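Student: Here's a structure for you.
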Amino acid sequence: MAKWRELSFQAQPSVAYVRDVVEFGPHTLAATDQGLFRLHNDSYFVPVTLNIQLNRFNIERLTLAADGALWLGLWQEGVIRIAAEAATQDISSWQAVQLQPELPTQDGIIDIQTSTRSNAFGC
């Protein structure tokens with residue numbers, strides 16, 4: 001039988017919704033309207049600060065690719081990729097790469113599908 005519990009977020013402004021939760025190495029990550037969060041001490045979520053300049057950090061989708069990379073689909077900012085190797089590193093050293101930043105502003109990412117044959121993705 002599943003056991004349910006409530007976990008809080010250490011965020012200002014408050015988190016309105018969670019889209020996805022994934023395990024990335026030892027980290028439990030949550031995609032929210034207020035950005036990326038990680039579970040701390042198995043009791044509450046704390047913000048994850050990535051070294052990337054964005055106008056907005058509202059995550060619509062969070063998924064793991066077949067190669068283990070972490071993909072974030074952002075509202076009006078496109079797609080961010082974090083290499084699989086980062087899962088074993090300290091979060092402060094994660095290198096987030098914005099894919100195709102030159103594209104015009106998009107509204108949202110509905111889903112992310114990655115290919116097992118290459119680094120291709122579809123949104």
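In the structure tokens, the first chain shown is A, the next is B, and so on; residue numbers restart at 1 for each chain, and ligands run from 1 in the order shown.
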For Phe57 of chain A, please output as a list in words all residues within 10 Å (counting only C-alpha atoms; exclusion window: fewer than 3 positions along the same chain).
Tutor: Ala31, Thr32, Asp33, Gln34, Gly35, Leu36, Gln53, Leu54, Glu60, Leu72, Gly73, Leu74, Trp75, Gln76 and Glu77 of chain A
Student: Would you kindly return, as a ChimeraX atom specification, each protein, DNA or RNA residue with an atom no farther than 12 Å from any atom of Glu6 of chain A, considering only C-alpha atoms and excluding same-chain residues fewer than 2 positions away?
Tutor: /A:3-4,8-9,42-45
Student: I'd like to know which of A:Val21, A:Val79, A:Ala16, A:Ile59 is closest to Gln100 of chain A, using only C-alpha atoms.
Tutor: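 Under the stated criterion, the closest residue is A:Val79.
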Student: Can you list, as a ChimeraX atom specification, every protein, DNA or RNA residue that comes within 7 Å of Asp20 of chain A when you count only C-alpha atoms, leaving out same-chain residues fewer than 2 positions away?
Tutor: /A:18,22,30-31,61-62
Student: Can I get the selected residues back with N, CA, C and O atoms, as a short mmCIF file (atom, residue, chain, number, x, y, z; two decimals), in the first residue's frame?
Tutor:
```
data_model
loop_
_atom_site.label_atom_id
_atom_site.label_comp_id
_atom_site.auth_asym_id
_atom_site.auth_seq_id
_atom_site.Cartn_x
_atom_site.Cartn_y
_atom_site.Cartn_z
N VAL A 18 3.58 21.74 -9.31
CA VAL A 18 4.70 20.86 -9.65
C VAL A 18 4.29 20.09 -10.89
O VAL A 18 3.24 19.47 -10.92
N VAL A 22 11.64 13.81 -10.80
CA VAL A 22 12.52 12.76 -11.33
C VAL A 22 13.69 12.52 -10.37
O VAL A 22 14.03 13.39 -9.57
N ALA A 30 12.29 18.40 -8.54
CA ALA A 30 10.91 18.76 -8.87
C ALA A 30 10.91 19.96 -9.81
O ALA A 30 11.62 20.95 -9.57
N ALA A 31 10.12 19.86 -10.88
CA ALA A 31 9.94 20.95 -11.84
C ALA A 31 8.71 21.73 -11.42
O ALA A 31 7.62 21.17 -11.30
N ARG A 61 8.18 20.94 -18.24
CA ARG A 61 8.48 19.51 -18.34
C ARG A 61 9.90 19.24 -17.83
O ARG A 61 10.81 20.04 -18.05
N LEU A 62 10.07 18.10 -17.18
CA LEU A 62 11.35 17.65 -16.68
C LEU A 62 11.43 16.16 -16.97
O LEU A 62 10.54 15.40 -16.58
#
```
Student: With only C-alpha atoms as the basis for distance, which of A:Val46, A:Arg19, A:Asn58, A:Leu70 is at the shortest distance from Ala87 of chain A?
Tutor: A:Leu70
Student: Do a neighbour search on His27 of chain A at 9 Å with only C-alpha atoms, toss out local chain neighbours closer than 2 positions, and write the hits as an NGL selection string.
Tutor: :A and (22-25 or 29 or 38-40 or 87)
Student: Those residues you just picked out, can you put them in a file as a tab-separated table (two decimals), in the first residue's frame with N, CA and C atoms?
Tutor:
```
chain	number	residue	atom	x	y	z
A	22	VAL	N	11.64	13.81	-10.80
A	22	VAL	CA	12.52	12.76	-11.33
A	22	VAL	C	13.69	12.52	-10.37
A	23	GLU	N	14.28	11.34	-10.49
A	23	GLU	CA	15.49	10.99	-9.77
A	23	GLU	C	16.66	11.21	-10.74
A	24	PHE	N	17.57	12.08	-10.39
A	24	PHE	CA	18.76	12.38	-11.20
A	24	PHE	C	19.96	12.07	-10.32
A	25	GLY	N	20.53	10.87	-10.50
A	25	GLY	CA	21.57	10.42	-9.59
A	25	GLY	C	20.98	10.32	-8.20
A	29	LEU	N	14.46	15.62	-7.92
A	29	LEU	CA	14.23	16.97	-8.43
A	29	LEU	C	12.77	17.18	-8.78
A	38	ARG	N	15.25	20.64	-5.33
A	38	ARG	CA	15.71	19.30	-4.96
A	38	ARG	C	15.24	18.98	-3.54
A	39	LEU	N	14.98	17.70	-3.33
A	39	LEU	CA	14.54	17.26	-2.01
A	39	LEU	C	15.73	17.27	-1.05
A	40	HIS	N	15.56	17.93	0.07
A	40	HIS	CA	16.62	18.07	1.07
A	40	HIS	C	16.26	17.24	2.30
A	87	ALA	N	24.92	14.37	-12.63
A	87	ALA	CA	24.20	13.71	-11.54
A	87	ALA	C	25.13	13.30	-10.40
```
